[in-house]
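Q: Coordinates in protein_2.cif, mmCIF, C-alpha atoms, are listed below.
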data_run
#
loop_
_atom_site.label_atom_id
_atom_site.label_comp_id
_atom_site.auth_asym_id
_atom_site.auth_seq_id
_atom_site.Cartn_x
_atom_site.Cartn_y
_atom_site.Cartn_z
CA MET A 1 -32.43 15.83 11.20
CA ALA A 2 -32.32 15.29 14.96
CA ASP A 3 -35.42 13.18 14.94
CA LYS A 4 -35.78 11.96 18.52
CA LYS A 5 -38.24 9.30 17.43
CA VAL A 6 -35.44 7.30 15.84
CA SER A 7 -34.53 4.54 18.29
CA ILE A 8 -30.97 4.03 19.47
CA THR A 9 -30.53 0.62 17.87
CA ARG A 10 -31.93 2.01 14.65
CA GLU A 11 -29.32 4.79 14.74
CA TYR A 12 -26.62 2.12 14.60
CA LEU A 13 -28.31 -0.40 12.32
CA LYS A 14 -29.27 2.02 9.56
CA GLY A 15 -25.63 2.14 8.40
CA LEU A 16 -25.60 -1.61 7.81
CA TRP A 17 -28.37 -1.82 5.25
CA ASP A 18 -30.98 0.92 4.79
CA GLU A 19 -28.48 3.77 4.58
CA ASN A 20 -25.36 1.74 3.83
CA PRO A 21 -22.80 4.33 2.68
CA VAL A 22 -21.58 2.24 -0.27
CA LEU A 23 -24.55 0.19 -1.41
CA ARG A 24 -27.32 2.75 -0.82
CA SER A 25 -25.70 6.20 -0.83
CA LEU A 26 -22.90 5.25 -3.27
CA LEU A 27 -20.38 7.27 -1.25
CA GLY A 28 -16.66 6.65 -0.88
CA LEU A 29 -16.47 4.49 -4.00
CA CYS A 30 -12.86 5.39 -4.79
CA PRO A 31 -11.29 3.31 -1.97
CA VAL A 32 -14.01 0.67 -2.40
CA LEU A 33 -12.93 0.10 -5.99
CA ALA A 34 -9.21 0.59 -5.47
CA VAL A 35 -8.18 -1.50 -2.47
CA THR A 36 -10.58 -4.45 -2.55
CA ASN A 37 -8.28 -6.82 -4.46
CA SER A 38 -8.04 -8.95 -1.31
CA ALA A 39 -10.14 -9.39 1.82
CA ILE A 40 -7.34 -8.36 4.18
CA ASN A 41 -6.76 -5.07 2.33
CA GLY A 42 -10.49 -4.40 2.45
CA LEU A 43 -10.56 -5.05 6.18
CA ALA A 44 -7.54 -2.80 6.87
CA MET A 45 -8.96 0.03 4.77
CA GLY A 46 -12.37 -0.36 6.44
CA LEU A 47 -10.85 -0.26 9.92
CA ALA A 48 -8.71 2.79 9.13
CA THR A 49 -11.71 4.65 7.68
CA THR A 50 -13.92 3.68 10.64
CA PHE A 51 -11.29 4.86 13.10
CA VAL A 52 -11.14 8.26 11.40
CA LEU A 53 -14.93 8.44 11.09
CA LEU A 54 -15.50 7.59 14.75
CA THR A 55 -12.79 9.81 16.29
CA SER A 56 -13.63 12.85 14.18
CA SER A 57 -17.35 12.36 14.89
CA ILE A 58 -16.64 12.37 18.63
CA ILE A 59 -14.57 15.56 18.46
CA ILE A 60 -16.92 17.35 16.08
CA SER A 61 -20.00 16.42 18.07
CA LEU A 62 -18.32 17.74 21.23
CA VAL A 63 -17.30 21.08 19.73
CA ARG A 64 -20.30 21.49 17.39
CA LYS A 65 -21.71 24.43 19.38
CA VAL A 66 -18.47 26.47 19.39
CA ILE A 67 -17.59 26.19 15.71
CA PRO A 68 -18.89 29.21 13.78
CA HIS A 69 -21.03 28.21 10.81
CA GLN A 70 -18.74 29.96 8.29
CA VAL A 71 -15.62 27.94 9.14
CA ARG A 72 -17.23 24.57 9.88
CA ILE A 73 -15.93 22.79 6.77
CA ALA A 74 -12.38 24.06 7.35
CA SER A 75 -12.54 22.90 10.97
CA PHE A 76 -13.92 19.49 9.99
CA ILE A 77 -11.18 18.97 7.43
CA VAL A 78 -8.39 19.86 9.90
CA ILE A 79 -9.82 17.43 12.47
CA ILE A 80 -10.31 14.67 9.89
CA ALA A 81 -6.83 15.18 8.41
CA THR A 82 -5.29 14.90 11.88
CA PHE A 83 -6.83 11.51 12.54
CA VAL A 84 -6.05 10.30 9.01
CA THR A 85 -2.36 11.09 9.59
CA VAL A 86 -2.51 9.29 12.95
CA ALA A 87 -4.00 6.21 11.25
CA ASP A 88 -1.50 6.35 8.38
CA ARG A 89 1.54 6.56 10.71
CA PHE A 90 0.07 3.80 12.87
CA LEU A 91 -0.18 1.41 9.92
CA ALA A 92 3.31 2.35 8.70
CA ALA A 93 4.81 1.70 12.14
CA TYR A 94 2.96 -1.44 13.22
CA PHE A 95 1.69 -3.07 10.00
CA PRO A 96 4.23 -2.05 7.33
CA PRO A 97 3.25 -4.65 4.70
CA ILE A 98 -0.42 -3.57 4.79
CA SER A 99 0.61 0.07 4.71
CA LYS A 100 2.67 -0.68 1.60
CA ASP A 101 -0.27 -2.44 -0.08
CA LEU A 102 -2.76 0.34 0.62
CA GLY A 103 -0.27 2.96 -0.59
CA PRO A 104 -1.77 6.41 -1.12
CA TYR A 105 -5.30 5.30 -0.25
CA VAL A 106 -4.83 5.79 3.48
CA PRO A 107 -3.87 9.50 3.23
CA LEU A 108 -6.75 9.83 0.73
CA ILE A 109 -9.24 9.02 3.51
CA VAL A 110 -9.13 12.79 4.15
CA VAL A 111 -11.30 13.33 1.09
CA ASN A 112 -13.51 10.29 1.65
CA CYS A 113 -16.99 11.74 1.26
CA ILE A 114 -18.52 9.33 3.79
CA ILE A 115 -16.54 11.02 6.55
CA LEU A 116 -17.13 14.65 5.65
CA GLY A 117 -20.72 13.75 4.75
CA ARG A 118 -21.48 12.24 8.15
CA GLN A 119 -19.89 15.19 9.97
CA GLU A 120 -21.89 17.74 8.01
CA ALA A 121 -25.15 15.79 8.00
CA PHE A 122 -25.05 14.18 11.43
CA SER A 123 -22.30 14.78 14.00
CA SER A 124 -22.45 18.57 13.75
CA ARG A 125 -26.18 18.48 14.56
CA ASN A 126 -26.55 15.61 17.05
CA SER A 127 -25.49 14.65 20.55
CA LEU A 128 -22.28 12.75 21.27
CA GLY A 129 -24.03 9.43 21.95
CA ARG A 130 -26.01 9.46 18.74
CA SER A 131 -22.97 10.57 16.72
CA ILE A 132 -20.96 7.63 18.04
CA LEU A 133 -23.77 5.21 17.14
CA ASP A 134 -24.24 6.74 13.71
CA SER A 135 -20.54 6.73 12.80
CA SER A 136 -19.89 3.22 14.13
CA GLY A 137 -22.91 1.99 12.18
CA MET A 138 -21.71 3.65 8.98
CA GLY A 139 -18.18 2.34 9.64
CA THR A 140 -19.43 -1.21 10.18
CA GLY A 141 -21.46 -1.02 6.99
CA PHE A 142 -18.39 0.21 5.12
CA ILE A 143 -16.15 -2.53 6.55
CA LEU A 144 -18.69 -5.24 5.67
CA VAL A 145 -18.94 -4.13 2.05
CA LEU A 146 -15.14 -3.90 1.76
CA ILE A 147 -14.61 -7.40 3.20
CA LEU A 148 -17.38 -8.92 1.07
CA LEU A 149 -16.16 -7.26 -2.11
CA GLY A 150 -12.50 -7.94 -1.26
CA GLY A 151 -13.31 -11.56 -0.43
CA PHE A 152 -15.39 -12.00 -3.58
CA ARG A 153 -12.60 -10.63 -5.76
CA GLU A 154 -9.90 -12.57 -3.91
CA ILE A 155 -11.75 -15.89 -4.18
CA PHE A 156 -12.32 -15.58 -7.93
CA GLY A 157 -9.12 -13.68 -8.73
CA SER A 158 -6.60 -15.66 -6.67
CA GLY A 159 -8.56 -18.66 -5.35
CA THR A 160 -7.86 -17.62 -1.75
CA PHE A 161 -9.74 -15.95 1.13
CA PHE A 162 -7.71 -14.00 3.70
CA GLY A 163 -4.66 -15.70 2.17
CA MET A 164 -6.01 -19.24 2.72
CA THR A 165 -6.54 -21.40 -0.34
CA VAL A 166 -10.26 -22.12 -0.76
CA LEU A 167 -10.40 -23.16 -4.40
CA GLY A 168 -8.07 -26.02 -5.18
CA GLU A 169 -5.50 -26.72 -7.86
CA TRP A 170 -8.20 -27.30 -10.48
CA PHE A 171 -9.20 -23.65 -10.34
CA ASP A 172 -7.62 -21.30 -12.84
CA PRO A 173 -7.86 -17.80 -11.26
CA TRP A 174 -9.85 -15.21 -13.20
CA MET A 175 -7.15 -12.58 -13.40
CA VAL A 176 -9.68 -9.89 -14.29
CA MET A 177 -11.21 -10.03 -10.81
CA ILE A 178 -8.13 -8.61 -9.07
CA LEU A 179 -7.57 -6.04 -11.82
CA PRO A 180 -9.56 -2.76 -11.84
CA PRO A 181 -12.41 -4.08 -14.06
CA GLY A 182 -13.10 -6.76 -11.41
CA ALA A 183 -13.87 -4.00 -8.92
CA PHE A 184 -16.51 -2.52 -11.19
CA LEU A 185 -18.02 -5.92 -11.99
CA GLY A 186 -18.12 -6.90 -8.32
CA LEU A 187 -19.51 -3.60 -7.04
CA GLY A 188 -22.10 -3.51 -9.83
CA LEU A 189 -23.30 -7.01 -8.91
CA PHE A 190 -23.45 -6.08 -5.21
CA ILE A 191 -25.47 -2.91 -5.80
CA GLY A 192 -27.76 -4.76 -8.21
CA LEU A 193 -28.31 -7.50 -5.65
CA THR A 194 -29.09 -4.94 -2.92
CA ASN A 195 -31.69 -3.24 -5.10
CA TRP A 196 -33.18 -6.58 -6.09
CA ILE A 197 -33.52 -7.64 -2.43
CA ASN A 198 -35.07 -4.28 -1.51
CA ALA A 199 -37.56 -4.49 -4.38
CA TRP A 200 -38.44 -8.03 -3.33
CA ARG A 201 -38.87 -6.96 0.31
CA ALA A 202 -41.09 -4.04 -0.69
CA LYS A 203 -43.35 -6.39 -2.64
CA ALA A 204 -43.57 -9.01 0.11
CA MET B 205 -17.34 38.79 20.46
CA SER B 206 -17.47 39.44 16.73
CA THR B 207 -17.85 36.50 14.37
CA THR B 208 -14.47 37.22 12.79
CA ALA B 209 -12.67 37.02 16.12
CA LYS B 210 -14.53 33.83 16.98
CA MET B 211 -13.62 32.25 13.62
CA ILE B 212 -9.95 33.07 14.12
CA ILE B 213 -9.89 31.77 17.70
CA VAL B 214 -11.72 28.53 16.91
CA LEU B 215 -9.55 27.67 13.91
CA THR B 216 -6.34 28.55 15.80
CA VAL B 217 -7.31 26.35 18.75
CA ILE B 218 -8.22 23.45 16.45
CA THR B 219 -4.94 23.65 14.51
CA ILE B 220 -2.84 23.91 17.70
CA PHE B 221 -4.65 20.88 19.10
CA SER B 222 -4.08 19.01 15.84
CA GLY B 223 -0.39 19.98 15.69
CA GLY B 224 0.06 18.74 19.25
CA ILE B 225 -1.48 15.35 18.52
CA LEU B 226 0.56 14.92 15.34
CA SER B 227 3.95 15.82 16.82
CA THR B 228 3.37 13.52 19.81
CA TRP B 229 2.28 10.69 17.55
CA ASP B 230 5.20 11.24 15.21
CA GLY B 231 7.55 10.88 18.19
CA VAL B 232 5.98 7.51 18.98
CA THR B 233 5.89 6.05 15.47
CA LYS B 234 9.00 7.52 13.81
CA PRO B 235 11.60 5.25 15.50
CA LYS B 236 9.52 2.20 14.56
CA ILE B 237 9.14 3.28 10.94
CA GLU B 238 12.88 4.04 10.64
CA ALA B 239 13.80 0.74 12.30
CA TYR B 240 11.58 -1.16 9.88
CA LYS B 241 13.17 0.59 6.88
CA LEU B 242 16.67 -0.24 8.11
CA GLN B 243 15.70 -3.83 8.82
CA GLU B 244 14.23 -4.20 5.31
CA LEU B 245 17.39 -2.67 3.81
CA LYS B 246 19.66 -5.07 5.73
CA LYS B 247 17.47 -8.01 4.75
CA ALA B 248 17.61 -7.02 1.08
CA ILE B 249 21.38 -6.55 1.12
CA ALA B 250 21.89 -9.92 2.83
CA GLU B 251 19.70 -11.54 0.22
CA VAL B 252 21.54 -10.23 -2.84
CA LEU B 253 25.18 -10.39 -1.72
CA PRO B 254 27.35 -13.47 -1.15
CA LYS B 255 27.85 -14.25 2.54
CA TYR B 256 29.49 -11.33 4.34
CA ASP B 257 30.10 -10.39 7.99
CA GLU B 258 29.53 -6.66 7.80
CA TYR B 259 28.80 -4.04 5.23
CA GLU B 260 30.13 -0.55 4.77
CA GLU B 261 28.09 2.25 3.26
CA ILE B 262 29.85 4.60 0.85
CA HIS B 263 28.39 7.58 -0.99
CA ILE B 264 29.78 8.61 -4.35
CA ASP B 265 28.08 11.19 -6.58
CA GLY B 266 24.67 10.67 -5.02
CA LEU B 267 24.98 6.91 -5.41
CA THR B 268 24.97 4.80 -2.25
CA LEU B 269 26.98 1.59 -2.43
CA TYR B 270 26.88 -1.10 0.24
CA ILE B 271 30.18 -2.95 0.33
CA GLY B 272 30.01 -6.41 1.89
CA LYS B 273 33.19 -7.53 3.71
CA LYS B 274 34.54 -10.37 5.80
CA THR B 275 35.69 -9.47 9.32
CA THR B 276 38.62 -11.88 9.05
CA ASP B 277 40.08 -9.86 6.21
CA THR B 278 38.59 -6.36 5.95
CA THR B 279 40.42 -5.56 2.75
CA GLN B 280 38.60 -8.39 1.01
CA THR B 281 35.38 -7.21 -0.61
CA VAL B 282 32.91 -10.02 -1.21
CA GLY B 283 30.37 -7.98 -3.14
CA ILE B 284 28.81 -4.61 -3.84
CA ALA B 285 25.12 -3.88 -3.47
CA LEU B 286 23.14 -0.82 -4.53
CA GLU B 287 19.57 0.25 -4.96
CA ALA B 288 18.68 0.62 -8.64
CA VAL B 289 15.59 2.67 -9.45
CA GLY B 290 14.07 3.24 -12.89
CA ASN B 291 10.87 3.30 -14.91
CA GLY B 292 8.73 0.20 -15.16
CA PHE B 293 5.55 -0.36 -17.16
CA GLN B 294 3.42 1.94 -14.97
CA GLY B 295 5.65 3.50 -12.36
CA LYS B 296 9.02 3.24 -10.69
CA ILE B 297 10.63 -0.14 -10.08
CA SER B 298 13.18 -0.24 -7.29
CA ILE B 299 15.63 -3.15 -7.17
CA MET B 300 18.36 -4.13 -4.71
CA LEU B 301 21.20 -5.26 -6.94
CA GLY B 302 24.17 -7.31 -5.73
CA LEU B 303 27.37 -7.62 -7.78
CA PHE B 304 30.62 -9.48 -7.41
CA PRO B 305 33.56 -7.08 -6.82
CA ASP B 306 34.80 -7.23 -10.43
CA PHE B 307 31.31 -6.25 -11.75
CA SER B 308 31.35 -9.08 -14.29
CA GLU B 309 28.66 -11.13 -12.56
CA ILE B 310 25.49 -10.47 -10.60
CA SER B 311 25.31 -12.14 -7.21
CA GLY B 312 21.55 -11.60 -6.82
CA ILE B 313 18.66 -9.16 -7.17
CA LYS B 314 15.56 -8.43 -5.12
CA ILE B 315 12.66 -6.28 -6.30
CA LEU B 316 11.92 -3.82 -3.48
CA GLU B 317 9.10 -1.76 -4.93
CA GLN B 318 6.95 -1.89 -8.05
CA ILE B 319 3.45 -1.03 -9.20
CA GLU B 320 3.26 -3.29 -12.25
CA THR B 321 0.00 -4.86 -13.49
CA PRO B 322 -1.27 -7.29 -10.83
CA GLY B 323 -1.09 -10.88 -12.03
CA LEU B 324 1.18 -10.07 -15.00
CA GLY B 325 4.00 -7.61 -14.32
CA THR B 326 3.98 -8.45 -10.62
CA LYS B 327 5.47 -11.81 -11.57
CA ILE B 328 8.85 -10.04 -11.51
CA VAL B 329 8.49 -10.36 -7.72
CA GLU B 330 6.62 -13.63 -7.35
CA ASP B 331 5.00 -15.94 -9.89
CA PRO B 332 2.33 -18.06 -8.17
CA SER B 333 1.73 -20.05 -11.38
CA ASN B 334 5.22 -21.54 -11.08
CA LYS B 335 4.78 -23.86 -8.12
CA GLU B 336 8.38 -25.13 -8.02
CA ASP B 337 10.07 -21.75 -8.05
CA PRO B 338 7.79 -18.69 -7.67
CA TYR B 339 10.88 -16.47 -7.64
CA TRP B 340 12.27 -17.87 -10.88
CA PHE B 341 12.48 -14.44 -12.52
CA SER B 342 14.77 -12.92 -9.87
CA ASN B 343 16.68 -16.19 -9.51
CA GLN B 344 17.68 -16.09 -13.18
CA PHE B 345 19.99 -13.20 -12.33
CA LYS B 346 22.14 -15.20 -9.93
CA GLN B 347 25.63 -15.67 -11.41
CA LEU B 348 24.46 -13.92 -14.58
CA LYS B 349 27.22 -12.32 -16.67
CA THR B 350 26.92 -8.58 -17.11
CA GLU B 351 29.21 -8.24 -20.16
CA PRO B 352 28.65 -6.80 -22.74
CA GLN B 353 25.13 -6.31 -21.36
CA ILE B 354 22.15 -8.34 -20.16
CA GLU B 355 19.72 -9.34 -22.90
CA VAL B 356 16.07 -10.40 -22.69
CA ILE B 357 14.79 -13.24 -24.85
CA LYS B 358 11.24 -14.49 -25.26
CA ASN B 359 9.75 -17.99 -25.05
CA VAL B 360 13.00 -19.95 -25.34
CA LYS B 361 15.50 -21.03 -22.71
CA PRO B 362 18.51 -18.69 -22.44
CA SER B 363 21.59 -20.05 -24.18
CA LYS B 364 24.14 -17.26 -23.69
CA PRO B 365 25.69 -16.41 -20.28
CA ALA B 366 24.18 -12.89 -20.24
CA GLU B 367 20.64 -13.79 -21.26
CA ILE B 368 17.47 -14.07 -19.22
CA GLN B 369 13.99 -15.21 -20.17
CA ALA B 370 11.12 -12.69 -20.20
CA ILE B 371 7.87 -13.30 -18.34
CA THR B 372 5.07 -14.29 -20.73
CA GLY B 373 2.58 -11.40 -20.89
CA ALA B 374 4.94 -9.00 -19.15
CA THR B 375 7.69 -8.37 -21.67
CA ILE B 376 7.79 -4.64 -20.91
CA SER B 377 8.21 -5.22 -17.18
CA SER B 378 10.91 -7.82 -17.82
CA LYS B 379 12.76 -5.49 -20.18
CA ALA B 380 12.40 -2.60 -17.72
CA VAL B 381 14.12 -4.60 -14.99
CA VAL B 382 16.99 -5.47 -17.31
CA THR B 383 17.38 -1.87 -18.54
CA ILE B 384 17.48 -0.57 -14.97
CA LEU B 385 20.09 -3.20 -14.07
CA ASN B 386 22.27 -2.52 -17.14
CA ASN B 387 22.27 1.23 -16.43
CA HIS B 388 23.12 0.85 -12.78
CA ILE B 389 25.82 -1.74 -13.32
CA GLN B 390 27.62 0.71 -15.62
CA LEU B 391 27.08 3.57 -13.19
CA ALA B 392 28.27 1.62 -10.14
CA LYS B 393 31.27 0.25 -12.00
CA LYS B 394 32.39 3.69 -13.16
CA ASN B 395 31.91 5.32 -9.77
CA TYR B 396 33.36 2.52 -7.70
CA LEU B 397 36.47 2.07 -9.81
CA SER B 398 37.23 5.80 -9.96
CA ASN B 399 36.66 6.01 -6.20
CA SER B 400 39.01 3.16 -5.32
CA LYS B 401 41.62 4.56 -7.73
CA SER B 402 41.54 7.97 -6.01
CA GLN B 403 41.89 6.23 -2.64
CA ILE B 404 45.06 4.49 -3.78
CA GLN B 405 46.54 7.76 -4.94
#
Could you render the structure from this file as structure tokens?
A:
Amino acid sequence: MADKKVSITREYLKGLWDENPVLRSLLGLCPVLAVTNSAINGLAMGLATTFVLLTSSIIISLVRKVIPHQVRIASFIVIIATFVTVADRFLAAYFPPISKDLGPYVPLIVVNCIILGRQEAFSSRNSLGRSILDSSGMGTGFILVLILLGGFREIFGSGTFFGMTVLGEWFDPWMVMILPPGAFLGLGLFIGLTNWINAWRAKA
Amino acid sequence: MSTTAKMIIVLTVITIFSGGILSTWDGVTKPKIEAYKLQELKKAIAEVLPKYDEYEEIHIDGLTLYIGKKTTDTTQTVGIALEAVGNGFQGKISIMLGLFPDFSEISGIKILEQIETPGLGTKIVEDPSNKEDPYWFSNQFKQLKTEPQIEVIKNVKPSKPAEIQAITGATISSKAVVTILNNHIQLAKKNYLSNSKSQIQ
């Protein structure tokens, strides 16, 4: 895993496309599908998840040598749950309307498989610097997908983007896009497009 | 050191560390969260009651009533507000309900929480398709008669003083709101009247 030949920029950039947690690894789909009915909700969820991913990666990478192998998952979960609660309380105190919109999906970051997956596969085996790069890359990739999907659904489902009207009066919103089926349609199109671009790049 | 001892020590240290962070953070955020809740409550009460100077909170049988009064004449009640909670189409709907002191008319309602179908049931809060009055559903309840009980009608304009019009495509949500209101009006009336009677005695 700790392949020293991987360059530092590559460590960060891989999360954006080649190993994008949502589009390539298909991890953490539950929040991706559930909260992307608007771009702002996608952004808030992405930021909260990235905060948890980054802080727990830092801690776990620092203590990786002291944690006995047998209790590593239990330790990871306690650390992750701590930062999730911090993020949840932060949103409730400083951004109450967003906290209300995201509802139970912030506490559910605890079981987001991107976070536990990165700790087990990366932070617990790599140095602090590389863990920070890896988790910020994965986090950025996650945020980008959430904003794109949230924006896509918001534009077609409400005619707005980040609350600003982009499609005029003539546009009759496609209600289905902000309902659960819209999430599946949107994500399916995004994953299909990613695979299509990759196939096209491989051929070229 | 044996592995068992190491496991116990590591996990204990991690949980103590985590507990420390959480209790500190709770101390920072709790006052803000509480303040926001109180502010939202005050805003909702002010929105549903006729103009008042101060409100008094009374608890009867697990029901909390907010009694709006004028400071010039503290015996004069201008209205009674309460939080009405009940089942909607998918989950709980919570409504701040304002009533005139004789319980015969509603002074206003405000939907506080709901998880109805986006784009359909959520019109009980705000209807973006109605450009002139997005809050037309809640506004229908202003000065609405509560006797004998509120009725929901579909597709036609209300003709009786205790009728409201349902939202197209969200009849169940509309009916749920009315059922919750009817139940709580009865409950508040019974409790409030018996309470003020016992105070006189």
Q: Would you kindly return, as an mmCIF file with C-alpha atoms, in the coordinates of the input, each protein, DNA or RNA residue with an atom no farther than 12 Å from any atom of Ile98 in chain A, considering only C-alpha atoms and excluding same-chain residues fewer than 4 positions away?
A:
data_model
loop_
_atom_site.group_PDB
_atom_site.id
_atom_site.type_symbol
_atom_site.label_atom_id
_atom_site.label_comp_id
_atom_site.auth_asym_id
_atom_site.auth_seq_id
_atom_site.Cartn_x
_atom_site.Cartn_y
_atom_site.Cartn_z
ATOM 1 C CA VAL A 35 -8.180 -1.500 -2.470
ATOM 2 C CA SER A 38 -8.040 -8.950 -1.310
ATOM 3 C CA ALA A 39 -10.140 -9.390 1.820
ATOM 4 C CA ILE A 40 -7.340 -8.360 4.180
ATOM 5 C CA ASN A 41 -6.760 -5.070 2.330
ATOM 6 C CA GLY A 42 -10.490 -4.400 2.450
ATOM 7 C CA LEU A 43 -10.560 -5.050 6.180
ATOM 8 C CA ALA A 44 -7.540 -2.800 6.870
ATOM 9 C CA MET A 45 -8.960 0.030 4.770
ATOM 10 C CA ALA A 48 -8.710 2.790 9.130
ATOM 11 C CA ASP A 88 -1.500 6.350 8.380
ATOM 12 C CA ARG A 89 1.540 6.560 10.710
ATOM 13 C CA PHE A 90 0.070 3.800 12.870
ATOM 14 C CA LEU A 91 -0.180 1.410 9.920
ATOM 15 C CA ALA A 92 3.310 2.350 8.700
ATOM 16 C CA ALA A 93 4.810 1.700 12.140
ATOM 17 C CA TYR A 94 2.960 -1.440 13.220
ATOM 18 C CA LEU A 102 -2.760 0.340 0.620
ATOM 19 C CA GLY A 103 -0.270 2.960 -0.590
ATOM 20 C CA PRO A 104 -1.770 6.410 -1.120
ATOM 21 C CA TYR A 105 -5.300 5.300 -0.250
ATOM 22 C CA VAL A 106 -4.830 5.790 3.480
#
Q: Pick out the chain B residues within 6 Å of chain A. Count all atoms listed in the file. Give them as a ChimeraX atom specification.
A: /B:222,233,236-237
Q: Nearest to Pro21 in chain A: which of A:Leu144, A:Ala202, A:Val166, A:Leu149 is it, counting all atoms listed in the file?
A: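 Among the listed residues, the smallest separation from Pro21 in chain A belongs to A:Leu144.
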Q: If I wrap all listed atoms of range 38-44 of chain A in a box with edges along x, y and z and add 4 Å on each side, what are its centre and edge lengths in Å to one decimal, as AutoDock Vina command-line options?
A:
--center_x -8.7 --center_y -6.1 --center_z 2.8 --size_x 11.8 --size_y 14.6 --size_z 16.2
Q: Could you spell out the hits of the PyMOL selection byres ((chain B and resi 316-323) around 7) on the shown file, as a list in words?
A: Met175 and Leu179 of chain A; Phe293, Gln294, Gly295, Lys296, Ile297, Ser298, Ile299, Met300, Lys314, Ile315, Leu324, Gly325, Thr326 and Lys327 of chain B
Q: Expand the PyMOL selection byres ((chain B and resi 248) around 9) into the explicit residue set it covers here, and present it as a VMD selection string.
A: chain B and resid 243 to 247 249 to 253 300 to 301 313 to 316
Q: Given the file shown, enumerate the residues that the PyMOL selection byres ((chain A and resi 12) around 8) captures and present them as a list of chain:residue names.
A: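 When the PyMOL selection byres ((chain A and resi 12) around 8) is applied to the shown file, the picked residues are A:Ile8, A:Thr9, A:Arg10, A:Glu11, A:Leu13, A:Lys14, A:Gly15, A:Leu16, A:Leu133, A:Asp134, A:Ser135, A:Ser136, A:Gly137, A:Met138.
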Q: Let's have the selection written as a CSV table (one decimal), in the frame of the given file, with C-alpha atoms.
A:
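And here is the file that came out, result01.csv:
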chain,number,residue,atom,x,y,z
A,8,ILE,CA,-31.0,4.0,19.5
A,9,THR,CA,-30.5,0.6,17.9
A,10,ARG,CA,-31.9,2.0,14.6
A,11,GLU,CA,-29.3,4.8,14.7
A,13,LEU,CA,-28.3,-0.4,12.3
A,14,LYS,CA,-29.3,2.0,9.6
A,15,GLY,CA,-25.6,2.1,8.4
A,16,LEU,CA,-25.6,-1.6,7.8
A,133,LEU,CA,-23.8,5.2,17.1
A,134,ASP,CA,-24.2,6.7,13.7
A,135,SER,CA,-20.5,6.7,12.8
A,136,SER,CA,-19.9,3.2,14.1
A,137,GLY,CA,-22.9,2.0,12.2
A,138,MET,CA,-21.7,3.6,9.0
Q: From the set B:Thr281, B:Asn291, B:Ser342, B:Ser363, which residue has the shortest atom-to-atom contact distance to Gly312 in chain B, counting only C-alpha atoms?
A: B:Ser342
Q: Rounded to one decimal place, report the CA of Asp257 in chain B-CA of Pro97 in chain A distance in Å.
A: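 If I compute the distance from CA of Asp257 in chain B to CA of Pro97 in chain A, I get 27.7 Å.
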Q: Just how far from CA of Ser123 in chain A is CA of Ser61 in chain A, in Å to one decimal?
A: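 It comes out at 5.0 Å.
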Q: List the neighbours of Leu53 in chain A out to 8 Å using only C-alpha atoms; skip same-chain residues closer than 2 positions along the sequence, and give me the result as a PyMOL selection string.
A: chain A and resi 49-51+55-57+80+115+135-136+139
Q: Please compute the CA of Glu120 in chain A-CA of Ile73 in chain A distance, one decimal, in Å.
A: 7.9 Å
Q: Taking all atoms listed in the file into account, name the residue in A:Gly192, A:Glu19, A:Ile59, A:Leu29 that is nearest to Ser131 in chain A.
A: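 Looking only at the distances to Ser131 in chain A, the closest residue turns out to be A:Ile59.
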Q: Which residues are close to Leu33 in chain A, i.e. within 10 Å by all atoms listed in the file, leaving aside same-chain residues fewer than 6 positions away? Reply as a PyMOL selection string.
A: chain A and resi 42+146+149-150+180-187
Q: Given the choices B:Ile371, B:Ile220, B:Val329, B:Leu267, which gets closest to Lys394 in chain B if the distance is worked out from all atoms listed in the file?
A: B:Leu267
Q: Identify which of the residues A:Arg64, A:Leu148, A:Val32, A:Gly46 lies closest to Gln119 in chain A, counting only C-alpha atoms when measuring atom-to-atom distances.
A: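 Of all the options, A:Arg64 lies closest to Gln119 in chain A.
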